[in-house]
Amino acid sequence: MNHVLDCPPCPSFEPLNPDFGRIVRDSFHRQSLLAGFGAILRLVEPGRTVITAPVGDGVLQQDGFPHAGFGWSLGDSAAGFAALSLMAERERVLTVEMKINLLAPAAGDCLIAEGRVLRFGRTICVVTADLYAERQGQSGCKHVATMLGSMTRVRPVD
């Protein structure tokens, strides 16, 4: 897993809220889907997050591989939290669209999703996520999917 956490830095972003780490972690802990997956938020930086989740029996498809929907959910969440890390206080994030390219079966014991912001706009954020499968006893991870999408900034209504 280290190669994901040690990759070159993303474009440099300045968060609009200095308390972005707490905001992202609080939002993460309110997501029952991620809790059901046993997901862990491993990294929060301005414009970048990493989420891991064990591959359990409840997320497999008919051939015994983790279901693409499981990976998509982790990648969408990682990308969304990366966008949220840059937003102003009380703003929220919603996915507008998300494309996934499956590169290989996600055979492994754990999936790792790294979300990054490519462009942070006034209304729309362009995001990306990469998914990796990690298998216990093997060195390194296998890149199994890449995602590209847009998130919208939802501002509070006063």
# chains A, B, ... in the order shown; residues from 1 in each chain; ligands from 1
call {"tool": "residues_around", "arguments": {"residues": "stretch 134-149 of chain A", "least_positions_apart": "2", "cutoff": "6 Å", "atoms": "only C-alpha atoms", "output": "PDB file with all heavy atoms, in the first residue's frame"}}
result
ATOM      1  N   GLU A  97     -21.380  13.271 -11.953  1.00  0.00           N
ATOM      2  CA  GLU A  97     -21.177  12.102 -12.816  1.00  0.00           C
ATOM      3  C   GLU A  97     -19.839  11.475 -12.472  1.00  0.00           C
ATOM      4  O   GLU A  97     -18.941  12.140 -11.981  1.00  0.00           O
ATOM      5  CB  GLU A  97     -21.260  12.476 -14.303  1.00  0.00           C
ATOM      6  CG  GLU A  97     -20.278  13.550 -14.760  1.00  0.00           C
ATOM      7  CD  GLU A  97     -18.894  13.044 -15.106  1.00  0.00           C
ATOM      8  OE1 GLU A  97     -18.765  11.890 -15.554  1.00  0.00           O
ATOM      9  OE2 GLU A  97     -17.928  13.786 -14.915  1.00  0.00           O
ATOM     10  N   MET A  98     -19.740  10.169 -12.741  1.00  0.00           N
ATOM     11  CA  MET A  98     -18.494   9.452 -12.458  1.00  0.00           C
ATOM     12  C   MET A  98     -18.355   8.298 -13.434  1.00  0.00           C
ATOM     13  O   MET A  98     -19.257   7.475 -13.570  1.00  0.00           O
ATOM     14  CB  MET A  98     -18.508   8.917 -11.016  1.00  0.00           C
ATOM     15  CG  MET A  98     -17.220   8.258 -10.565  1.00  0.00           C
ATOM     16  SD  MET A  98     -15.802   9.366 -10.425  1.00  0.00           S
ATOM     17  CE  MET A  98     -16.230  10.266  -8.956  1.00  0.00           C
ATOM     18  N   LYS A  99     -17.240   8.262 -14.129  1.00  0.00           N
ATOM     19  CA  LYS A  99     -16.932   7.210 -15.102  1.00  0.00           C
ATOM     20  C   LYS A  99     -15.876   6.300 -14.489  1.00  0.00           C
ATOM     21  O   LYS A  99     -14.962   6.770 -13.813  1.00  0.00           O
ATOM     22  CB  LYS A  99     -16.392   7.866 -16.374  1.00  0.00           C
ATOM     23  CG  LYS A  99     -15.881   6.902 -17.409  1.00  0.00           C
ATOM     24  CD  LYS A  99     -15.122   7.663 -18.473  1.00  0.00           C
ATOM     25  CE  LYS A  99     -14.592   6.852 -19.594  1.00  0.00           C
ATOM     26  NZ  LYS A  99     -14.495   5.457 -19.490  1.00  0.00           N
ATOM     27  N   ILE A 100     -16.010   5.023 -14.752  1.00  0.00           N
ATOM     28  CA  ILE A 100     -15.009   4.072 -14.255  1.00  0.00           C
ATOM     29  C   ILE A 100     -14.502   3.227 -15.408  1.00  0.00           C
ATOM     30  O   ILE A 100     -15.277   2.803 -16.270  1.00  0.00           O
ATOM     31  CB  ILE A 100     -15.588   3.181 -13.124  1.00  0.00           C
ATOM     32  CG1 ILE A 100     -14.499   2.306 -12.496  1.00  0.00           C
ATOM     33  CG2 ILE A 100     -16.753   2.343 -13.620  1.00  0.00           C
ATOM     34  CD1 ILE A 100     -14.912   1.623 -11.199  1.00  0.00           C
ATOM     35  N   ASN A 101     -13.207   3.036 -15.456  1.00  0.00           N
ATOM     36  CA  ASN A 101     -12.580   2.078 -16.364  1.00  0.00           C
ATOM     37  C   ASN A 101     -12.007   0.965 -15.500  1.00  0.00           C
ATOM     38  O   ASN A 101     -11.118   1.210 -14.672  1.00  0.00           O
ATOM     39  CB  ASN A 101     -11.452   2.718 -17.178  1.00  0.00           C
ATOM     40  CG  ASN A 101     -11.969   3.606 -18.285  1.00  0.00           C
ATOM     41  OD1 ASN A 101     -13.162   3.713 -18.493  1.00  0.00           O
ATOM     42  ND2 ASN A 101     -11.062   4.254 -18.982  1.00  0.00           N
ATOM     43  N   LEU A 102     -12.532  -0.241 -15.690  1.00  0.00           N
ATOM     44  CA  LEU A 102     -12.039  -1.400 -14.953  1.00  0.00           C
ATOM     45  C   LEU A 102     -10.842  -1.953 -15.715  1.00  0.00           C
ATOM     46  O   LEU A 102     -10.947  -2.285 -16.895  1.00  0.00           O
ATOM     47  CB  LEU A 102     -13.151  -2.436 -14.822  1.00  0.00           C
ATOM     48  CG  LEU A 102     -14.420  -1.919 -14.138  1.00  0.00           C
ATOM     49  CD1 LEU A 102     -15.537  -2.933 -14.252  1.00  0.00           C
ATOM     50  CD2 LEU A 102     -14.142  -1.550 -12.699  1.00  0.00           C
ATOM     51  N   LEU A 103      -9.712  -2.029 -15.051  1.00  0.00           N
ATOM     52  CA  LEU A 103      -8.462  -2.434 -15.686  1.00  0.00           C
ATOM     53  C   LEU A 103      -8.145  -3.904 -15.494  1.00  0.00           C
ATOM     54  O   LEU A 103      -7.464  -4.501 -16.326  1.00  0.00           O
ATOM     55  CB  LEU A 103      -7.306  -1.581 -15.135  1.00  0.00           C
ATOM     56  CG  LEU A 103      -7.499  -0.064 -15.209  1.00  0.00           C
ATOM     57  CD1 LEU A 103      -6.359   0.643 -14.504  1.00  0.00           C
ATOM     58  CD2 LEU A 103      -7.636   0.396 -16.647  1.00  0.00           C
ATOM     59  N   ALA A 104      -8.598  -4.469 -14.387  1.00  0.00           N
ATOM     60  CA  ALA A 104      -8.318  -5.871 -14.063  1.00  0.00           C
ATOM     61  C   ALA A 104      -9.268  -6.291 -12.951  1.00  0.00           C
ATOM     62  O   ALA A 104      -9.761  -5.445 -12.204  1.00  0.00           O
ATOM     63  CB  ALA A 104      -6.865  -6.028 -13.595  1.00  0.00           C
ATOM     64  N   ALA A 106     -10.428  -7.168  -9.427  1.00  0.00           N
ATOM     65  CA  ALA A 106      -9.900  -6.626  -8.172  1.00  0.00           C
ATOM     66  C   ALA A 106      -9.625  -7.732  -7.169  1.00  0.00           C
ATOM     67  O   ALA A 106     -10.039  -7.655  -6.016  1.00  0.00           O
ATOM     68  CB  ALA A 106     -10.872  -5.595  -7.617  1.00  0.00           C
ATOM     69  N   GLY A 108      -8.081  -9.559  -4.391  1.00  0.00           N
ATOM     70  CA  GLY A 108      -7.232  -9.179  -3.276  1.00  0.00           C
ATOM     71  C   GLY A 108      -8.003  -9.255  -1.979  1.00  0.00           C
ATOM     72  O   GLY A 108      -9.196  -9.555  -1.958  1.00  0.00           O
ATOM     73  N   ASP A 109      -7.305  -8.962  -0.903  1.00  0.00           N
ATOM     74  CA  ASP A 109      -7.899  -8.976   0.434  1.00  0.00           C
ATOM     75  C   ASP A 109      -8.408  -7.601   0.848  1.00  0.00           C
ATOM     76  O   ASP A 109      -9.196  -7.480   1.776  1.00  0.00           O
ATOM     77  CB  ASP A 109      -6.852  -9.426   1.462  1.00  0.00           C
ATOM     78  CG  ASP A 109      -6.240 -10.764   1.110  1.00  0.00           C
ATOM     79  OD1 ASP A 109      -7.016 -11.705   0.852  1.00  0.00           O
ATOM     80  OD2 ASP A 109      -5.002 -10.857   1.076  1.00  0.00           O
ATOM     81  N   CYS A 110      -7.927  -6.566   0.151  1.00  0.00           N
ATOM     82  CA  CYS A 110      -8.232  -5.194   0.514  1.00  0.00           C
ATOM     83  C   CYS A 110      -8.257  -4.349  -0.750  1.00  0.00           C
ATOM     84  O   CYS A 110      -7.448  -4.573  -1.661  1.00  0.00           O
ATOM     85  CB  CYS A 110      -7.143  -4.687   1.462  1.00  0.00           C
ATOM     86  SG  CYS A 110      -7.281  -2.959   1.937  1.00  0.00           S
ATOM     87  N   VAL A 126     -13.565  18.857 -10.757  1.00  0.00           N
ATOM     88  CA  VAL A 126     -13.212  17.673 -11.539  1.00  0.00           C
ATOM     89  C   VAL A 126     -12.301  16.827 -10.661  1.00  0.00           C
ATOM     90  O   VAL A 126     -11.314  17.319 -10.102  1.00  0.00           O
ATOM     91  CB  VAL A 126     -12.522  18.051 -12.862  1.00  0.00           C
ATOM     92  CG1 VAL A 126     -12.120  16.797 -13.638  1.00  0.00           C
ATOM     93  CG2 VAL A 126     -13.451  18.931 -13.703  1.00  0.00           C
ATOM     94  N   VAL A 127     -12.671  15.549 -10.533  1.00  0.00           N
ATOM     95  CA  VAL A 127     -11.983  14.650  -9.609  1.00  0.00           C
ATOM     96  C   VAL A 127     -11.573  13.363 -10.330  1.00  0.00           C
ATOM     97  O   VAL A 127     -12.109  13.023 -11.383  1.00  0.00           O
ATOM     98  CB  VAL A 127     -12.882  14.304  -8.402  1.00  0.00           C
ATOM     99  CG1 VAL A 127     -13.168  15.537  -7.559  1.00  0.00           C
ATOM    100  CG2 VAL A 127     -14.188  13.662  -8.858  1.00  0.00           C
ATOM    101  N   THR A 128     -10.662  12.661  -9.717  1.00  0.00           N
ATOM    102  CA  THR A 128     -10.244  11.354 -10.209  1.00  0.00           C
ATOM    103  C   THR A 128     -10.043  10.427  -9.015  1.00  0.00           C
ATOM    104  O   THR A 128      -9.832  10.887  -7.890  1.00  0.00           O
ATOM    105  CB  THR A 128      -8.960  11.460 -11.054  1.00  0.00           C
ATOM    106  OG1 THR A 128      -8.652  10.189 -11.616  1.00  0.00           O
ATOM    107  CG2 THR A 128      -7.789  11.957 -10.241  1.00  0.00           C
ATOM    108  N   ALA A 129     -10.133   9.150  -9.279  1.00  0.00           N
ATOM    109  CA  ALA A 129      -9.846   8.151  -8.246  1.00  0.00           C
ATOM    110  C   ALA A 129      -9.180   6.960  -8.909  1.00  0.00           C
ATOM    111  O   ALA A 129      -9.509   6.600 -10.042  1.00  0.00           O
ATOM    112  CB  ALA A 129     -11.116   7.710  -7.529  1.00  0.00           C
ATOM    113  N   ASP A 130      -8.249   6.377  -8.218  1.00  0.00           N
ATOM    114  CA  ASP A 130      -7.606   5.136  -8.663  1.00  0.00           C
ATOM    115  C   ASP A 130      -7.849   4.088  -7.603  1.00  0.00           C
ATOM    116  O   ASP A 130      -7.775   4.360  -6.398  1.00  0.00           O
ATOM    117  CB  ASP A 130      -6.109   5.346  -8.885  1.00  0.00           C
ATOM    118  CG  ASP A 130      -5.844   6.145 -10.139  1.00  0.00           C
ATOM    119  OD1 ASP A 130      -6.169   5.648 -11.227  1.00  0.00           O
ATOM    120  OD2 ASP A 130      -5.334   7.275 -10.025  1.00  0.00           O
ATOM    121  N   LEU A 131      -8.144   2.878  -8.069  1.00  0.00           N
ATOM    122  CA  LEU A 131      -8.399   1.747  -7.171  1.00  0.00           C
ATOM    123  C   LEU A 131      -7.286   0.730  -7.310  1.00  0.00           C
ATOM    124  O   LEU A 131      -6.858   0.413  -8.440  1.00  0.00           O
ATOM    125  CB  LEU A 131      -9.733   1.084  -7.507  1.00  0.00           C
ATOM    126  CG  LEU A 131     -10.961   1.960  -7.325  1.00  0.00           C
ATOM    127  CD1 LEU A 131     -12.180   1.287  -7.932  1.00  0.00           C
ATOM    128  CD2 LEU A 131     -11.191   2.244  -5.861  1.00  0.00           C
ATOM    129  N   TYR A 132      -6.860   0.204  -6.187  1.00  0.00           N
ATOM    130  CA  TYR A 132      -5.796  -0.791  -6.129  1.00  0.00           C
ATOM    131  C   TYR A 132      -6.264  -1.970  -5.295  1.00  0.00           C
ATOM    132  O   TYR A 132      -6.966  -1.788  -4.299  1.00  0.00           O
ATOM    133  CB  TYR A 132      -4.530  -0.199  -5.493  1.00  0.00           C
ATOM    134  CG  TYR A 132      -4.007   1.006  -6.228  1.00  0.00           C
ATOM    135  CD1 TYR A 132      -4.464   2.276  -5.919  1.00  0.00           C
ATOM    136  CD2 TYR A 132      -3.064   0.867  -7.246  1.00  0.00           C
ATOM    137  CE1 TYR A 132      -3.995   3.393  -6.601  1.00  0.00           C
ATOM    138  CE2 TYR A 132      -2.596   1.975  -7.926  1.00  0.00           C
ATOM    139  CZ  TYR A 132      -3.064   3.239  -7.600  1.00  0.00           C
ATOM    140  OH  TYR A 132      -2.595   4.330  -8.286  1.00  0.00           O
TER     141      TYR A 132
END
call {"tool": "residues_around", "arguments": {"residues": "stretch 38-49 of chain A", "least_positions_apart": "6", "cutoff": "8 Å", "atoms": "only C-alpha atoms", "output": "PyMOL selection string"}}
result
chain A and resi 10+12-15+20-21+24-25+28+78-79+81-86+114-117
call {"tool": "atom_distance", "arguments": {"atom1": "atom CA of A:Asp57", "atom2": "atom CA of A:Leu74"}}
result
16.4 Å
call {"tool": "closest_residue", "arguments": {"among": "A:Gln61, A:Arg119, A:Ile112, A:Ser77", "to": "A:His29", "atoms": "only C-alpha atoms"}}
result
A:Ser77
call {"tool": "select_by_dssp", "arguments": {"residues": "chain A", "states": "strand (DSSP E)", "output": "short mmCIF file (atom, residue, chain, number, x, y, z; two decimals) with N, CA, C and O atoms, in the first residue's frame"}}
result
data_model
loop_
_atom_site.label_atom_id
_atom_site.label_comp_id
_atom_site.auth_asym_id
_atom_site.auth_seq_id
_atom_site.Cartn_x
_atom_site.Cartn_y
_atom_site.Cartn_z
N ILE A 40 -11.92 2.36 6.06
CA ILE A 40 -11.12 3.22 6.93
C ILE A 40 -10.58 4.37 6.10
O ILE A 40 -10.05 4.17 5.00
N LEU A 41 -10.72 5.58 6.63
CA LEU A 41 -10.15 6.77 6.00
C LEU A 41 -8.69 6.85 6.43
O LEU A 41 -8.39 7.14 7.58
N ARG A 42 -7.78 6.57 5.51
CA ARG A 42 -6.35 6.47 5.84
C ARG A 42 -5.60 7.79 5.73
O ARG A 42 -4.59 7.98 6.40
N LEU A 43 -6.07 8.67 4.84
CA LEU A 43 -5.31 9.89 4.58
C LEU A 43 -6.27 11.00 4.17
O LEU A 43 -7.19 10.76 3.38
N VAL A 44 -6.07 12.18 4.74
CA VAL A 44 -6.81 13.37 4.33
C VAL A 44 -5.79 14.50 4.17
O VAL A 44 -5.13 14.87 5.13
N GLU A 45 -5.67 14.99 2.96
CA GLU A 45 -4.85 16.15 2.63
C GLU A 45 -5.70 17.08 1.79
O GLU A 45 -6.71 16.64 1.22
N ARG A 48 -6.89 15.55 -1.58
CA ARG A 48 -6.51 14.14 -1.73
C ARG A 48 -6.95 13.34 -0.50
O ARG A 48 -6.74 13.78 0.64
N THR A 49 -7.53 12.17 -0.75
CA THR A 49 -7.86 11.24 0.34
C THR A 49 -7.56 9.81 -0.09
O THR A 49 -7.51 9.51 -1.28
N VAL A 50 -7.36 8.95 0.89
CA VAL A 50 -7.18 7.52 0.65
C VAL A 50 -8.09 6.76 1.61
O VAL A 50 -8.09 7.02 2.82
N ILE A 51 -8.88 5.84 1.03
CA ILE A 51 -9.79 4.99 1.79
C ILE A 51 -9.42 3.54 1.51
O ILE A 51 -9.15 3.18 0.36
N THR A 52 -9.42 2.70 2.53
CA THR A 52 -9.21 1.27 2.34
C THR A 52 -10.42 0.51 2.89
O THR A 52 -11.11 1.00 3.79
N ALA A 53 -10.66 -0.67 2.33
CA ALA A 53 -11.74 -1.52 2.83
C ALA A 53 -11.38 -2.97 2.58
O ALA A 53 -10.87 -3.32 1.51
N PRO A 54 -11.65 -3.83 3.56
CA PRO A 54 -11.39 -5.26 3.36
C PRO A 54 -12.39 -5.83 2.36
O PRO A 54 -13.53 -5.38 2.27
N ARG A 92 -21.29 21.30 1.10
CA ARG A 92 -21.33 19.84 0.96
C ARG A 92 -20.95 19.50 -0.47
O ARG A 92 -20.83 20.38 -1.32
N VAL A 93 -20.82 18.24 -0.74
CA VAL A 93 -20.43 17.79 -2.07
C VAL A 93 -21.41 16.71 -2.54
O VAL A 93 -21.86 15.89 -1.74
N LEU A 94 -21.75 16.74 -3.82
CA LEU A 94 -22.55 15.70 -4.43
C LEU A 94 -21.94 15.33 -5.77
O LEU A 94 -21.47 16.19 -6.51
N THR A 95 -21.98 14.05 -6.10
CA THR A 95 -21.47 13.58 -7.38
C THR A 95 -22.44 14.01 -8.49
O THR A 95 -23.64 13.78 -8.38
N VAL A 96 -21.89 14.58 -9.56
CA VAL A 96 -22.66 14.92 -10.74
C VAL A 96 -22.59 13.76 -11.73
O VAL A 96 -23.59 13.31 -12.27
N GLU A 97 -21.38 13.27 -11.95
CA GLU A 97 -21.18 12.10 -12.82
C GLU A 97 -19.84 11.47 -12.47
O GLU A 97 -18.94 12.14 -11.98
N MET A 98 -19.74 10.17 -12.74
CA MET A 98 -18.49 9.45 -12.46
C MET A 98 -18.35 8.30 -13.43
O MET A 98 -19.26 7.48 -13.57
N LYS A 99 -17.24 8.26 -14.13
CA LYS A 99 -16.93 7.21 -15.10
C LYS A 99 -15.88 6.30 -14.49
O LYS A 99 -14.96 6.77 -13.81
N ILE A 100 -16.01 5.02 -14.75
CA ILE A 100 -15.01 4.07 -14.25
C ILE A 100 -14.50 3.23 -15.41
O ILE A 100 -15.28 2.80 -16.27
N ASN A 101 -13.21 3.04 -15.46
CA ASN A 101 -12.58 2.08 -16.36
C ASN A 101 -12.01 0.96 -15.50
O ASN A 101 -11.12 1.21 -14.67
N LEU A 102 -12.53 -0.24 -15.69
CA LEU A 102 -12.04 -1.40 -14.95
C LEU A 102 -10.84 -1.95 -15.72
O LEU A 102 -10.95 -2.29 -16.90
N CYS A 110 -7.93 -6.57 0.15
CA CYS A 110 -8.23 -5.19 0.51
C CYS A 110 -8.26 -4.35 -0.75
O CYS A 110 -7.45 -4.57 -1.66
N LEU A 111 -9.19 -3.41 -0.83
CA LEU A 111 -9.18 -2.42 -1.90
C LEU A 111 -8.75 -1.08 -1.34
O LEU A 111 -9.13 -0.72 -0.21
N ILE A 112 -7.98 -0.35 -2.10
CA ILE A 112 -7.48 0.97 -1.73
C ILE A 112 -7.98 1.94 -2.78
O ILE A 112 -7.80 1.71 -3.98
N ALA A 113 -8.61 3.01 -2.34
CA ALA A 113 -9.10 4.05 -3.26
C ALA A 113 -8.41 5.36 -2.92
O ALA A 113 -8.48 5.83 -1.78
N GLU A 114 -7.74 5.92 -3.91
CA GLU A 114 -7.11 7.22 -3.74
C GLU A 114 -7.88 8.23 -4.59
O GLU A 114 -7.95 8.09 -5.81
N GLY A 115 -8.48 9.22 -3.94
CA GLY A 115 -9.21 10.27 -4.63
C GLY A 115 -8.41 11.55 -4.67
O GLY A 115 -7.72 11.89 -3.70
N ARG A 116 -8.50 12.26 -5.81
CA ARG A 116 -7.76 13.50 -5.99
C ARG A 116 -8.62 14.53 -6.74
O ARG A 116 -9.41 14.17 -7.60
N VAL A 117 -8.41 15.77 -6.43
CA VAL A 117 -9.04 16.86 -7.16
C VAL A 117 -8.10 17.29 -8.27
O VAL A 117 -6.92 17.54 -8.04
N LEU A 118 -8.63 17.36 -9.48
CA LEU A 118 -7.85 17.85 -10.62
C LEU A 118 -8.07 19.35 -10.83
O LEU A 118 -7.15 20.08 -11.17
N ARG A 119 -9.32 19.77 -10.65
CA ARG A 119 -9.66 21.19 -10.78
C ARG A 119 -10.76 21.52 -9.79
O ARG A 119 -11.78 20.83 -9.74
N PHE A 120 -10.55 22.58 -9.03
CA PHE A 120 -11.52 23.02 -8.03
C PHE A 120 -12.14 24.32 -8.52
O PHE A 120 -11.51 25.37 -8.48
N ILE A 124 -18.27 23.46 -9.94
CA ILE A 124 -17.95 22.07 -10.29
C ILE A 124 -16.48 21.78 -9.98
O ILE A 124 -15.60 22.58 -10.29
N CYS A 125 -16.24 20.61 -9.41
CA CYS A 125 -14.88 20.12 -9.16
C CYS A 125 -14.68 18.90 -10.06
O CYS A 125 -15.52 18.00 -10.08
N VAL A 126 -13.57 18.86 -10.76
CA VAL A 126 -13.21 17.67 -11.54
C VAL A 126 -12.30 16.83 -10.66
O VAL A 126 -11.31 17.32 -10.10
N VAL A 127 -12.67 15.55 -10.53
CA VAL A 127 -11.98 14.65 -9.61
C VAL A 127 -11.57 13.36 -10.33
O VAL A 127 -12.11 13.02 -11.38
N THR A 128 -10.66 12.66 -9.72
CA THR A 128 -10.24 11.35 -10.21
C THR A 128 -10.04 10.43 -9.02
O THR A 128 -9.83 10.89 -7.89
N ALA A 129 -10.13 9.15 -9.28
CA ALA A 129 -9.85 8.15 -8.25
C ALA A 129 -9.18 6.96 -8.91
O ALA A 129 -9.51 6.60 -10.04
N ASP A 130 -8.25 6.38 -8.22
CA ASP A 130 -7.61 5.14 -8.66
C ASP A 130 -7.85 4.09 -7.60
O ASP A 130 -7.77 4.36 -6.40
N LEU A 131 -8.14 2.88 -8.07
CA LEU A 131 -8.40 1.75 -7.17
C LEU A 131 -7.29 0.73 -7.31
O LEU A 131 -6.86 0.41 -8.44
N TYR A 132 -6.86 0.20 -6.19
CA TYR A 132 -5.80 -0.79 -6.13
C TYR A 132 -6.26 -1.97 -5.30
O TYR A 132 -6.97 -1.79 -4.30
N ALA A 133 -5.88 -3.17 -5.70
CA ALA A 133 -6.15 -4.38 -4.92
C ALA A 133 -4.84 -4.81 -4.26
O ALA A 133 -3.80 -4.86 -4.91
N GLU A 134 -4.94 -5.12 -2.98
CA GLU A 134 -3.78 -5.57 -2.21
C GLU A 134 -4.07 -6.98 -1.73
O GLU A 134 -5.16 -7.26 -1.22
N CYS A 141 0.71 -3.42 -4.83
CA CYS A 141 -0.71 -3.46 -5.12
C CYS A 141 -0.89 -3.51 -6.63
O CYS A 141 -0.03 -3.11 -7.38
N LYS A 142 -2.07 -3.97 -7.04
CA LYS A 142 -2.40 -4.03 -8.45
C LYS A 142 -3.40 -2.93 -8.77
O LYS A 142 -4.45 -2.83 -8.11
N HIS A 143 -3.10 -2.11 -9.77
CA HIS A 143 -4.01 -1.04 -10.19
C HIS A 143 -5.17 -1.70 -10.94
O HIS A 143 -4.97 -2.31 -11.98
N VAL A 144 -6.39 -1.61 -10.40
CA VAL A 144 -7.52 -2.35 -10.97
C VAL A 144 -8.58 -1.47 -11.62
O VAL A 144 -9.42 -1.97 -12.37
N ALA A 145 -8.59 -0.18 -11.32
CA ALA A 145 -9.58 0.70 -11.94
C ALA A 145 -9.14 2.15 -11.82
O ALA A 145 -8.38 2.52 -10.91
N THR A 146 -9.61 2.96 -12.75
CA THR A 146 -9.41 4.40 -12.68
C THR A 146 -10.74 5.08 -12.98
O THR A 146 -11.54 4.58 -13.77
N MET A 147 -10.97 6.19 -12.32
CA MET A 147 -12.26 6.88 -12.41
C MET A 147 -12.03 8.36 -12.68
O MET A 147 -11.02 8.92 -12.25
N LEU A 148 -12.98 8.97 -13.36
CA LEU A 148 -12.95 10.40 -13.62
C LEU A 148 -14.37 10.92 -13.47
O LEU A 148 -15.31 10.30 -13.98
N GLY A 149 -14.52 12.03 -12.76
CA GLY A 149 -15.86 12.53 -12.55
C GLY A 149 -15.92 13.99 -12.19
O GLY A 149 -14.91 14.69 -12.15
N SER A 150 -17.14 14.42 -11.93
CA SER A 150 -17.41 15.80 -11.52
C SER A 150 -18.23 15.79 -10.24
O SER A 150 -19.13 14.96 -10.07
N MET A 151 -17.91 16.71 -9.38
CA MET A 151 -18.64 16.90 -8.14
C MET A 151 -19.15 18.34 -8.11
O MET A 151 -18.49 19.25 -8.64
N THR A 152 -20.31 18.55 -7.53
CA THR A 152 -20.82 19.91 -7.40
C THR A 152 -20.71 20.36 -5.95
O THR A 152 -20.89 19.56 -5.02
N ARG A 153 -20.42 21.63 -5.78
CA ARG A 153 -20.38 22.24 -4.46
C ARG A 153 -21.80 22.66 -4.11
O ARG A 153 -22.41 23.44 -4.82
N VAL A 154 -22.31 22.14 -3.01
CA VAL A 154 -23.65 22.48 -2.55
C VAL A 154 -23.47 23.47 -1.41
O VAL A 154 -22.93 23.12 -0.35
#
call {"tool": "select_by_dssp", "arguments": {"residues": "stretch 22-109 of chain A", "states": "alpha helix (DSSP H)", "output": "PyMOL selection string"}}
result
chain A and resi 22-29+32-37+68-84
call {"tool": "write_last_selection", "arguments": {"atoms": "C-alpha atoms", "output": "short mmCIF file (atom, residue, chain, number, x, y, z; two decimals), in the first residue's frame"}}
result
data_model
loop_
_atom_site.label_atom_id
_atom_site.label_comp_id
_atom_site.auth_asym_id
_atom_site.auth_seq_id
_atom_site.Cartn_x
_atom_site.Cartn_y
_atom_site.Cartn_z
CA ARG A 22 -12.26 17.24 10.91
CA ILE A 23 -15.01 18.09 8.41
CA VAL A 24 -13.97 15.22 6.11
CA ARG A 25 -13.62 12.73 8.97
CA ASP A 26 -17.01 13.69 10.41
CA SER A 27 -18.67 13.24 7.00
CA PHE A 28 -16.88 9.91 6.51
CA HIS A 29 -18.20 8.59 9.83
CA SER A 32 -23.44 3.97 6.73
CA LEU A 33 -22.43 2.37 3.40
CA LEU A 34 -18.74 2.86 4.16
CA ALA A 35 -19.24 1.65 7.74
CA GLY A 36 -20.92 -1.48 6.35
CA PHE A 37 -17.90 -2.07 4.14
CA ALA A 68 -17.37 -3.37 -9.45
CA GLY A 69 -20.04 -1.52 -7.48
CA PHE A 70 -17.99 -2.00 -4.32
CA GLY A 71 -14.93 -0.48 -5.98
CA TRP A 72 -17.00 2.28 -7.58
CA SER A 73 -18.45 3.23 -4.19
CA LEU A 74 -15.00 3.44 -2.61
CA GLY A 75 -13.59 5.48 -5.51
CA ASP A 76 -16.58 7.83 -5.63
CA SER A 77 -16.28 8.38 -1.88
CA ALA A 78 -12.52 8.99 -1.99
CA ALA A 79 -12.94 11.51 -4.82
CA GLY A 80 -15.86 13.19 -3.06
CA PHE A 81 -13.95 13.55 0.20
CA ALA A 82 -10.97 14.96 -1.72
CA ALA A 83 -13.33 17.64 -3.09
CA LEU A 84 -14.91 18.22 0.32
#
